[in-house]
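Novice: I am sharing final09.cif, which consists of mmCIF, C-alpha atoms:
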```
data_protein
loop_
_atom_site.group_PDB
_atom_site.id
_atom_site.type_symbol
_atom_site.label_atom_id
_atom_site.label_comp_id
_atom_site.auth_asym_id
_atom_site.auth_seq_id
_atom_site.Cartn_x
_atom_site.Cartn_y
_atom_site.Cartn_z
ATOM 1 C CA MET A 1 6.338 -4.576 8.117
ATOM 2 C CA SER A 2 2.898 -3.770 6.793
ATOM 3 C CA TRP A 3 1.150 -5.450 3.905
ATOM 4 C CA ALA A 4 -1.673 -3.053 2.990
ATOM 5 C CA ALA A 5 -1.224 0.114 5.071
ATOM 6 C CA HIS A 6 1.394 1.447 2.651
ATOM 7 C CA ASP A 7 -1.149 1.160 -0.195
ATOM 8 C CA LEU A 8 -3.991 2.784 1.743
ATOM 9 C CA GLU A 9 -2.376 5.541 3.846
ATOM 10 C CA PRO A 10 -1.695 7.878 0.892
ATOM 11 C CA TYR A 11 -5.467 8.207 0.260
ATOM 12 C CA ALA A 12 -6.025 9.343 3.857
ATOM 13 C CA PHE A 13 -3.213 11.899 3.613
ATOM 14 C CA GLN A 14 -4.553 13.049 0.268
ATOM 15 C CA LYS A 15 -8.000 13.595 1.763
ATOM 16 C CA HIS A 16 -6.684 15.824 4.538
ATOM 17 C CA MET A 17 -4.061 17.713 2.523
ATOM 18 C CA GLY A 18 -6.000 18.201 -0.727
ATOM 19 C CA LEU A 19 -4.246 20.361 -3.285
ATOM 20 C CA SER A 20 -1.094 20.787 -1.179
ATOM 21 C CA VAL A 21 0.178 17.271 -2.007
ATOM 22 C CA ALA A 22 0.536 15.254 -5.203
ATOM 23 C CA PHE A 23 -0.742 11.692 -5.083
ATOM 24 C CA VAL A 24 1.855 9.905 -7.249
ATOM 25 C CA PRO A 25 4.968 10.951 -5.263
ATOM 26 C CA LEU A 26 3.011 10.410 -2.051
ATOM 27 C CA LEU A 27 2.449 6.793 -3.128
ATOM 28 C CA ILE A 28 6.033 6.362 -4.367
ATOM 29 C CA GLY A 29 7.253 7.700 -1.011
ATOM 30 C CA SER A 30 4.992 5.254 0.778
ATOM 31 C CA TYR A 31 6.506 2.343 -1.177
ATOM 32 C CA ALA A 32 10.078 3.662 -1.334
ATOM 33 C CA PRO A 33 11.610 2.097 1.812
ATOM 34 C CA ASP A 34 10.793 -1.447 0.648
ATOM 35 C CA MET A 35 11.420 -0.958 -3.074
ATOM 36 C CA MET A 36 15.053 -2.033 -3.046
ATOM 37 C CA THR A 37 14.926 -4.526 -0.210
ATOM 38 C CA LYS A 38 11.803 -6.682 -0.067
ATOM 39 C CA TRP A 39 12.864 -9.161 -2.777
ATOM 40 C CA PHE A 40 16.144 -9.860 -0.968
ATOM 41 C CA VAL A 41 14.368 -10.228 2.399
ATOM 42 C CA TYR A 42 12.187 -13.062 1.093
ATOM 43 C CA GLY A 43 14.723 -14.324 -1.427
ATOM 44 C CA ILE A 44 14.385 -15.114 -5.130
ATOM 45 C CA HIS A 45 15.473 -17.892 -7.471
ATOM 46 C CA LEU A 46 17.520 -16.746 -10.452
ATOM 47 C CA GLY A 47 18.313 -19.828 -12.537
ATOM 48 C CA PRO A 48 20.618 -21.967 -10.366
ATOM 49 C CA TRP A 49 21.079 -19.187 -7.777
ATOM 50 C CA ASP A 50 19.085 -18.563 -4.622
ATOM 51 C CA LEU A 51 19.494 -14.973 -3.563
ATOM 52 C CA LYS A 52 18.435 -14.189 -0.001
ATOM 53 C CA ALA A 53 19.733 -12.048 2.818
ATOM 54 C CA HIS A 54 21.673 -14.018 5.441
ATOM 55 C CA ASP A 55 19.861 -12.078 8.179
ATOM 56 C CA PRO A 56 16.690 -10.657 6.570
ATOM 57 C CA ALA A 57 15.610 -8.471 9.523
ATOM 58 C CA GLN A 58 19.101 -6.980 9.836
ATOM 59 C CA PHE A 59 19.315 -6.409 6.081
ATOM 60 C CA HIS A 60 15.825 -4.892 5.876
ATOM 61 C CA ARG A 61 15.825 -2.667 8.958
ATOM 62 C CA GLY A 62 19.301 -2.663 10.470
ATOM 63 C CA TRP A 63 22.742 -1.175 10.106
ATOM 64 C CA PRO A 64 24.907 -2.523 8.532
ATOM 65 C CA GLY A 65 22.092 -3.155 6.059
ATOM 66 C CA PHE A 66 19.432 -1.157 4.264
ATOM 67 C CA GLY A 67 17.588 -0.067 7.403
ATOM 68 C CA PHE A 68 18.419 3.540 6.614
ATOM 69 C CA THR A 69 15.694 3.429 3.928
ATOM 70 C CA HIS A 70 13.215 3.487 6.836
ATOM 71 C CA SER A 71 14.681 6.644 8.388
ATOM 72 C CA PHE A 72 13.615 10.286 8.185
ATOM 73 C CA ILE A 73 16.958 11.336 6.759
ATOM 74 C CA TYR A 74 16.471 9.005 3.756
ATOM 75 C CA GLY A 75 13.064 10.537 3.015
ATOM 76 C CA LEU A 76 14.450 14.046 3.366
ATOM 77 C CA ALA A 77 17.468 13.287 1.141
ATOM 78 C CA ILE A 78 15.432 11.736 -1.679
ATOM 79 C CA GLY A 79 12.736 14.421 -1.330
ATOM 80 C CA LEU A 80 15.383 17.142 -1.578
ATOM 81 C CA ILE A 81 16.907 15.477 -4.656
ATOM 82 C CA ILE A 82 13.466 15.340 -6.308
ATOM 83 C CA TRP A 83 12.879 19.005 -5.441
ATOM 84 C CA LYS A 84 16.260 20.299 -6.635
ATOM 85 C CA VAL A 85 16.953 17.975 -9.599
ATOM 86 C CA PHE A 86 13.433 17.807 -11.027
ATOM 87 C CA GLY A 87 12.426 21.282 -9.838
ATOM 88 C CA SER A 88 9.206 20.228 -8.148
ATOM 89 C CA LYS A 89 8.769 21.206 -4.516
ATOM 90 C CA LEU A 90 5.305 19.597 -4.594
ATOM 91 C CA TRP A 91 6.739 16.208 -5.613
ATOM 92 C CA GLY A 92 9.622 16.491 -3.138
ATOM 93 C CA VAL A 93 7.382 17.325 -0.161
ATOM 94 C CA SER A 94 4.778 14.709 -1.154
ATOM 95 C CA PHE A 95 7.477 12.031 -1.377
ATOM 96 C CA ILE A 96 8.745 12.968 2.090
ATOM 97 C CA ILE A 97 5.248 12.693 3.618
ATOM 98 C CA GLY A 98 4.706 9.253 2.052
ATOM 99 C CA GLN A 99 8.122 7.975 3.129
ATOM 100 C CA PHE A 100 7.695 9.311 6.694
ATOM 101 C CA ALA A 101 4.321 7.523 6.903
ATOM 102 C CA HIS A 102 5.975 4.223 5.905
ATOM 103 C CA ALA A 103 8.841 4.625 8.383
ATOM 104 C CA LEU A 104 6.427 5.462 11.212
ATOM 105 C CA THR A 105 3.994 2.643 10.389
ATOM 106 C CA ASP A 106 6.794 0.074 10.455
ATOM 107 C CA THR A 107 7.659 1.044 14.049
ATOM 108 C CA GLY A 108 4.529 -0.979 14.879
ATOM 109 C CA ASP A 109 6.299 -4.357 14.605
ATOM 110 C CA THR A 110 8.883 -6.053 16.817
ATOM 111 C CA VAL A 111 11.940 -4.894 14.831
ATOM 112 C CA GLY A 112 10.904 -1.287 14.248
ATOM 113 C CA THR A 113 12.849 1.316 12.307
ATOM 114 C CA MET A 114 15.914 3.501 12.806
ATOM 115 C CA LEU A 115 13.886 6.690 12.475
ATOM 116 C CA PHE A 116 16.774 8.983 13.397
ATOM 117 C CA PHE A 117 19.538 7.240 11.442
ATOM 118 C CA PRO A 118 22.594 7.583 11.695
ATOM 119 C CA TRP A 119 21.501 6.968 15.286
ATOM 120 C CA THR A 120 20.945 3.207 15.001
ATOM 121 C CA PHE A 121 18.384 2.881 17.784
ATOM 122 C CA HIS A 122 15.282 0.955 16.590
ATOM 123 C CA PHE A 123 12.026 2.659 17.509
ATOM 124 C CA HIS A 124 9.505 -0.136 17.891
ATOM 125 C CA ILE A 125 6.094 -0.400 19.479
ATOM 126 C CA GLY A 126 6.156 -4.193 19.101
ATOM 127 C CA ALA A 127 2.439 -4.541 18.414
ATOM 128 C CA TRP A 128 2.874 -7.290 15.818
ATOM 129 C CA ALA A 129 5.566 -9.855 15.051
ATOM 130 C CA TYR A 130 8.160 -9.154 12.376
ATOM 131 C CA ALA A 131 8.445 -12.496 10.568
ATOM 132 C CA GLY A 132 10.039 -11.556 7.226
ATOM 133 C CA GLN A 133 12.919 -13.956 7.973
ATOM 134 C CA THR A 134 10.509 -16.934 7.829
ATOM 135 C CA GLY A 135 9.785 -16.433 4.112
ATOM 136 C CA ARG A 136 6.892 -14.652 2.496
ATOM 137 C CA THR A 137 4.250 -17.371 2.950
ATOM 138 C CA THR A 138 4.737 -17.772 6.715
ATOM 139 C CA ASP A 139 5.195 -14.003 7.000
ATOM 140 C CA ALA A 140 1.832 -13.494 5.294
ATOM 141 C CA ALA A 141 0.132 -16.059 7.540
ATOM 142 C CA ALA A 142 1.609 -14.457 10.663
ATOM 143 C CA TYR A 143 0.938 -10.892 9.615
ATOM 144 C CA PHE A 144 -2.690 -11.599 8.774
ATOM 145 C CA SER A 145 -3.168 -13.331 12.135
ATOM 146 C CA GLY A 146 -1.903 -10.477 14.300
ATOM 147 C CA LEU A 147 -2.467 -6.825 15.100
ATOM 148 C CA GLY A 148 -0.658 -5.746 11.922
ATOM 149 C CA SER A 149 -3.627 -6.821 9.834
ATOM 150 C CA MET A 150 -5.956 -4.959 12.230
ATOM 151 C CA TRP A 151 -3.888 -1.804 11.678
ATOM 152 C CA ASP A 152 -4.327 -2.312 7.922
ATOM 153 C CA LEU A 153 -8.052 -2.753 8.524
ATOM 154 C CA VAL A 154 -8.188 0.664 10.237
ATOM 155 C CA TRP A 155 -6.894 2.286 7.039
ATOM 156 C CA LEU A 156 -9.215 0.206 4.893
ATOM 157 C CA VAL A 157 -12.307 1.206 6.905
ATOM 158 C CA TYR A 158 -11.161 4.833 7.050
ATOM 159 C CA GLY A 159 -10.750 4.802 3.281
ATOM 160 C CA LEU A 160 -14.270 3.454 2.833
ATOM 161 C CA ILE A 161 -15.703 6.087 5.214
ATOM 162 C CA CYS A 162 -13.891 8.739 3.153
ATOM 163 C CA TRP A 163 -15.071 7.085 -0.077
ATOM 164 C CA ARG A 164 -15.429 10.428 -1.882
ATOM 165 C CA VAL A 165 -11.662 10.593 -2.179
ATOM 166 C CA LEU A 166 -12.008 7.754 -4.725
ATOM 167 C CA THR A 167 -14.680 9.373 -6.894
ATOM 168 C CA SER A 168 -14.143 10.762 -10.380
ATOM 169 C CA SER A 169 -15.216 14.263 -9.257
ATOM 170 C CA TYR A 170 -12.545 14.221 -6.517
ATOM 171 C CA PHE A 171 -10.027 13.056 -9.096
ATOM 172 C CA ASP A 172 -10.996 15.910 -11.458
ATOM 173 C CA ASN A 173 -11.129 18.661 -8.805
ATOM 174 C CA VAL A 174 -8.189 17.724 -6.596
ATOM 175 C CA ILE A 175 -5.866 15.014 -7.893
ATOM 176 C CA TYR A 176 -5.755 16.208 -11.518
ATOM 177 C CA ARG A 177 -5.522 19.895 -10.583
ATOM 178 C CA ALA A 178 -2.852 19.444 -7.907
ATOM 179 C CA ASP A 179 -0.221 17.802 -10.086
ATOM 180 C CA PRO A 180 0.813 18.616 -13.710
ATOM 181 C CA PHE A 181 1.775 14.942 -14.070
ATOM 182 C CA TRP A 182 -1.859 13.968 -14.636
ATOM 183 C CA PRO A 183 -2.559 16.456 -17.507
ATOM 184 C CA TRP A 184 0.749 15.306 -19.049
ATOM 185 C CA LEU A 185 -0.324 11.662 -18.797
ATOM 186 C CA ASN A 186 -3.787 12.568 -20.076
ATOM 187 C CA ARG A 187 -2.217 13.518 -23.428
ATOM 188 C CA ARG A 188 -1.368 9.816 -23.851
ATOM 189 C CA ILE A 189 -4.010 7.995 -21.806
ATOM 190 C CA PRO A 190 -7.783 8.652 -21.635
ATOM 191 C CA ARG A 191 -9.339 10.117 -18.490
ATOM 192 C CA GLY A 192 -11.162 6.893 -17.582
ATOM 193 C CA ALA A 193 -7.882 4.973 -17.459
ATOM 194 C CA LEU A 194 -6.296 7.722 -15.340
ATOM 195 C CA ILE A 195 -9.042 7.449 -12.729
ATOM 196 C CA THR A 196 -8.569 3.679 -12.658
ATOM 197 C CA LEU A 197 -4.814 4.152 -12.196
ATOM 198 C CA TYR A 198 -5.466 6.598 -9.357
ATOM 199 C CA ARG A 199 -7.707 4.050 -7.604
ATOM 200 C CA ALA A 200 -5.341 1.128 -8.271
ATOM 201 C CA ALA A 201 -3.362 1.235 -5.010
ATOM 202 C CA PHE A 202 -6.557 1.324 -2.949
ATOM 203 C CA PHE A 203 -7.936 -1.591 -4.944
ATOM 204 C CA TYR A 204 -4.668 -3.499 -4.593
ATOM 205 C CA GLY A 205 -4.334 -2.886 -0.842
ATOM 206 C CA SER A 206 -7.920 -3.666 0.087
ATOM 207 C CA SER A 207 -8.341 -6.693 -2.226
ATOM 208 C CA ARG A 208 -5.033 -8.123 -1.118
ATOM 209 C CA TRP A 209 -5.992 -7.659 2.529
ATOM 210 C CA LEU A 210 -9.169 -9.658 1.969
ATOM 211 C CA ALA A 211 -7.451 -12.310 -0.149
ATOM 212 C CA TRP A 212 -4.678 -12.963 2.379
ATOM 213 C CA THR A 213 -7.184 -13.021 5.248
ATOM 214 C CA ILE A 214 -9.269 -15.641 3.414
ATOM 215 C CA TRP A 215 -6.146 -17.599 2.486
ATOM 216 C CA ALA A 216 -4.814 -17.596 6.067
ATOM 217 C CA HIS A 217 -8.041 -18.250 7.972
ATOM 218 C CA VAL A 218 -10.509 -19.942 5.636
ATOM 219 C CA ILE A 219 -8.190 -22.067 3.491
ATOM 220 C CA HIS A 220 -5.368 -22.771 5.971
ATOM 221 C CA HIS A 221 -6.863 -22.142 9.444
ATOM 222 C CA TYR A 222 -3.881 -20.323 10.923
ATOM 223 C CA PRO A 223 -4.922 -19.235 14.425
ATOM 224 C CA TYR A 224 -5.621 -15.567 15.097
ATOM 225 C CA ASP A 225 -3.514 -14.142 17.905
ATOM 226 C CA LEU A 226 -4.366 -10.494 18.454
ATOM 227 C CA SER A 227 -2.284 -10.214 21.617
ATOM 228 C CA TRP A 228 0.479 -7.619 21.766
ATOM 229 C CA GLY A 229 3.505 -8.722 19.754
ATOM 230 C CA GLY A 230 1.634 -11.677 18.244
ATOM 231 C CA PRO A 231 1.048 -14.001 16.712
ATOM 232 C CA HIS A 232 3.220 -15.893 19.172
ATOM 233 C CA TRP A 233 3.126 -19.115 17.141
ATOM 234 C CA VAL A 234 5.715 -17.558 14.815
ATOM 235 C CA HIS A 235 9.273 -16.674 15.751
ATOM 236 C CA ALA A 236 9.368 -12.869 15.864
ATOM 237 C CA ALA A 237 12.582 -11.081 14.983
ATOM 238 C CA HIS A 238 13.891 -8.338 17.263
ATOM 239 C CA PRO A 239 16.529 -5.648 16.728
ATOM 240 C CA MET B 1 -29.220 18.355 10.509
ATOM 241 C CA ARG B 2 -27.592 14.947 11.095
ATOM 242 C CA LEU B 3 -29.896 13.338 8.537
ATOM 243 C CA GLN B 4 -28.899 15.992 6.004
ATOM 244 C CA ARG B 5 -25.229 15.263 6.692
ATOM 245 C CA LEU B 6 -25.847 11.560 6.245
ATOM 246 C CA ARG B 7 -27.641 12.265 2.950
ATOM 247 C CA ASP B 8 -24.675 14.341 1.770
ATOM 248 C CA TRP B 9 -22.305 11.546 2.736
ATOM 249 C CA ALA B 10 -24.310 8.676 1.232
ATOM 250 C CA PRO B 11 -23.383 7.568 -2.285
ATOM 251 C CA THR B 12 -25.724 8.103 -5.230
ATOM 252 C CA LEU B 13 -26.885 5.341 -7.586
ATOM 253 C CA PRO B 14 -24.167 6.072 -10.194
ATOM 254 C CA ASP B 15 -21.561 5.996 -7.378
ATOM 255 C CA LEU B 16 -22.874 2.611 -6.270
ATOM 256 C CA ARG B 17 -22.802 1.314 -9.839
ATOM 257 C CA VAL B 18 -19.101 2.179 -10.139
ATOM 258 C CA PHE B 19 -18.445 0.634 -6.715
ATOM 259 C CA GLY B 20 -20.311 -2.516 -7.794
ATOM 260 C CA GLY B 21 -18.035 -2.849 -10.821
ATOM 261 C CA TYR B 22 -14.946 -2.619 -8.628
ATOM 262 C CA LEU B 23 -16.455 -5.109 -6.167
ATOM 263 C CA LEU B 24 -16.971 -7.584 -8.986
ATOM 264 C CA ALA B 25 -13.390 -7.050 -10.166
ATOM 265 C CA ALA B 26 -12.176 -7.477 -6.570
ATOM 266 C CA ALA B 27 -14.108 -10.743 -6.168
ATOM 267 C CA VAL B 28 -12.369 -12.211 -9.236
ATOM 268 C CA TYR B 29 -8.959 -10.853 -8.135
ATOM 269 C CA ILE B 30 -9.407 -12.371 -4.659
ATOM 270 C CA ALA B 31 -10.544 -15.719 -6.076
ATOM 271 C CA ILE B 32 -7.457 -15.891 -8.322
ATOM 272 C CA GLY B 33 -5.191 -14.665 -5.504
ATOM 273 C CA VAL B 34 -6.427 -17.183 -2.964
ATOM 274 C CA SER B 35 -5.869 -20.006 -5.484
ATOM 275 C CA VAL B 36 -2.488 -18.750 -6.738
ATOM 276 C CA THR B 37 -0.923 -16.546 -4.057
ATOM 277 C CA ASP B 38 1.914 -15.465 -6.381
ATOM 278 C CA PHE B 39 -0.747 -13.340 -8.079
ATOM 279 C CA LEU B 40 -1.068 -11.222 -4.918
ATOM 280 C CA TYR B 41 2.588 -10.270 -4.512
ATOM 281 C CA SER B 42 3.105 -7.870 -7.371
ATOM 282 C CA PHE B 43 1.746 -4.327 -7.275
ATOM 283 C CA TRP B 44 2.168 -4.100 -11.057
ATOM 284 C CA VAL B 45 0.106 -7.235 -11.628
ATOM 285 C CA GLY B 46 -2.608 -5.632 -9.464
ATOM 286 C CA VAL B 47 -2.440 -2.394 -11.452
ATOM 287 C CA ALA B 48 -2.541 -4.213 -14.807
ATOM 288 C CA TYR B 49 -5.448 -6.338 -13.622
ATOM 289 C CA ILE B 50 -7.586 -3.421 -12.447
ATOM 290 C CA VAL B 51 -6.883 -1.334 -15.554
ATOM 291 C CA VAL B 52 -8.045 -4.243 -17.716
ATOM 292 C CA ALA B 53 -11.013 -5.211 -15.504
ATOM 293 C CA ALA B 54 -12.328 -1.765 -14.568
ATOM 294 C CA TRP B 55 -11.444 0.261 -17.633
ATOM 295 C CA ALA B 56 -10.388 -1.691 -20.761
ATOM 296 C CA VAL B 57 -13.124 -4.350 -20.658
ATOM 297 C CA PRO B 58 -16.014 -1.933 -19.883
ATOM 298 C CA THR B 59 -14.747 0.463 -22.590
ATOM 299 C CA LEU B 60 -14.579 -2.365 -25.119
ATOM 300 C CA VAL B 61 -18.037 -3.642 -24.179
ATOM 301 C CA ARG B 62 -19.516 -0.123 -24.508
ATOM 302 C CA ARG B 63 -17.972 0.224 -27.974
ATOM 303 C CA ILE B 64 -19.301 -3.143 -29.133
ATOM 304 C CA LEU B 65 -22.807 -2.438 -27.816
#
```
Output the file's structure as structure tokens, nothing else.
Specialist:
Amino acid sequence: MSWAAHDLEPYAFQKHMGLSVAFVPLLIGSYAPDMMTKWFVYGIHLGPWDLKAHDPAQFHRGWPGFGFTHSFIYGLAIGLIIWKVFGSKLWGVSFIIGQFAHALTDTGDTVGTMLFFPWTFHFHIGAWAYAGQTGRTTDAAAYFSGLGSMWDLVWLVYGLICWRVLTSSYFDNVIYRADPFWPWLNRRIPRGALITLYRAAFFYGSSRWLAWTIWAHVIHHYPYDLSWGGPHWVHAAHP
Amino acid sequence: MRLQRLRDWAPTLPDLRVFGGYLLAAAVYIAIGVSVTDFLYSFWVGVAYIVVAAWAVPTLVRRIL
């Protein structure tokens, strides 16, 4: 799994696709595969109950489980529903692009994704360890010690190189014009707040990347292990 | 030619001022997040924080001044 790439990738796609995509569904698509599952992977406390998947990796990425949320067919199905039910081809296509980006990015870890579900084969490059089953704190420490965090850094640096995509003039000329959602929202919320909302995912992804890196390596001194499939000090899950 | 391209790419002073504001907001967010990691988990907390820090507070300050 990735911790910041899903926040940052939509800005790169937006830069290259301009008016032909809408940012909000692109971002929703980028978050969609984890929306229903992440809380159950790490577990939550609800009063006296502890709710957690028995096999988090299987639940998150496998079948039986919710692994189909990381497949192309899931993106296409939801995108088609958005297109036909809400009548917006732009939103449907943008959602699909965002969801595809998430599914492809997550092939980078040791569990990978069932891209061509119902074929249950897990496509995985195995560049960084999947450690969701260890709980979110150890998962964070492991992720920010391996190649996964370097992959996030690529998107962060690329975003900063393409900094104009975050400017108010880009927002006015591309983001606002491409999608009627923004003029609709502008009837309720001032323009300045809209621009801040547009930048929020980039802020969240990049700040969080820095915060977790400081937490893992300055406060707690977890060792970096940028070898393939690392860090090897954590137990990596496999399909 | 390359220098011209670099000049076109480089941010202006107003761009840098906006960036500086976000950097300041990020520094506070990171300081809170490193101390209380629960703060870093929620996207909606991040959105609420940046809307307050980068829009609501500056707007309020401008109105008062």
Novice: How would you write, as a ChimeraX atom specification, the residues chosen by the PyMOL selection byres ((chain A) within 12 of (chain B)) on this structure?
Specialist: /A:3-4,6-7,27-28,31,35,38-39,42,136-137,140-141,160-169,189-220
Novice: May I have the residues at most 9 Å from (6.4, 5.4, 13.5) in the file's coordinates, counting all atoms listed in the file, as a list in words?
Specialist: Phe100, Ala101, His102, Ala103, Leu104, Thr105, Asp106, Thr107, Gly108, Gly112, Thr113, Leu115, Phe123, His124 and Ile125 of chain A
Novice: Would you save the residues of that selection, restricted to C-alpha atoms, as a compact mmCIF listing (two decimals), in the coordinates of the input?
Specialist:
```txt
# COMPACT_ATOMS: atom_id res chain seq x y z
CA PHE A 100 7.70 9.31 6.69
CA ALA A 101 4.32 7.52 6.90
CA HIS A 102 5.98 4.22 5.90
CA ALA A 103 8.84 4.62 8.38
CA LEU A 104 6.43 5.46 11.21
CA THR A 105 3.99 2.64 10.39
CA ASP A 106 6.79 0.07 10.46
CA THR A 107 7.66 1.04 14.05
CA GLY A 108 4.53 -0.98 14.88
CA GLY A 112 10.90 -1.29 14.25
CA THR A 113 12.85 1.32 12.31
CA LEU A 115 13.89 6.69 12.48
CA PHE A 123 12.03 2.66 17.51
CA HIS A 124 9.51 -0.14 17.89
CA ILE A 125 6.09 -0.40 19.48
```
Novice: Report the distance between atom CA of A:Gly79 and atom CA of A:Gly67 in Å, rounded to one decimal place.
Specialist: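 Going from atom CA of A:Gly79 over to atom CA of A:Gly67 covers 17.6 Å.
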Novice: Can you measure atom CA of A:Gln99 to atom CA of A:Ala129 for me? One decimal in Å is fine.
Specialist: 21.6 Å
Novice: Tell me which protein, DNA and RNA residues are within 12 Å of A:Ile81, counting all atoms listed in the file, leaving out same-chain ones fewer than 5 positions away, and put them as number ranges by chain.
Specialist: A: 74-76, 86-89, 91-93, 95-96
Novice: One decimal, in Å: what's the spacing between atom CA of A:Asp152 and atom CA of A:Leu226?
Specialist: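 Going from atom CA of A:Asp152 over to atom CA of A:Leu226, I get 13.3 Å.
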Novice: Hey, can you pull every residue with an atom no more than 6 Å from (1.5, -4.5, 16.2), using all atoms listed in the file, and send it as an MDAnalysis selection string?
Specialist: chainID A and resid 108:109 126:128 147:148 229
Novice: Specify the axis-aligned box that encloses all atoms of stretch 6-14 of chain B listed in the file after padding of 6 Å on each side, stating its centre and edge lengths in Å to one decimal as AutoDock Vina command-line options.
Specialist:
```
--center_x -25.0 --center_y 9.8 --center_z -2.0 --size_x 17.3 --size_y 21.0 --size_z 28.4
```
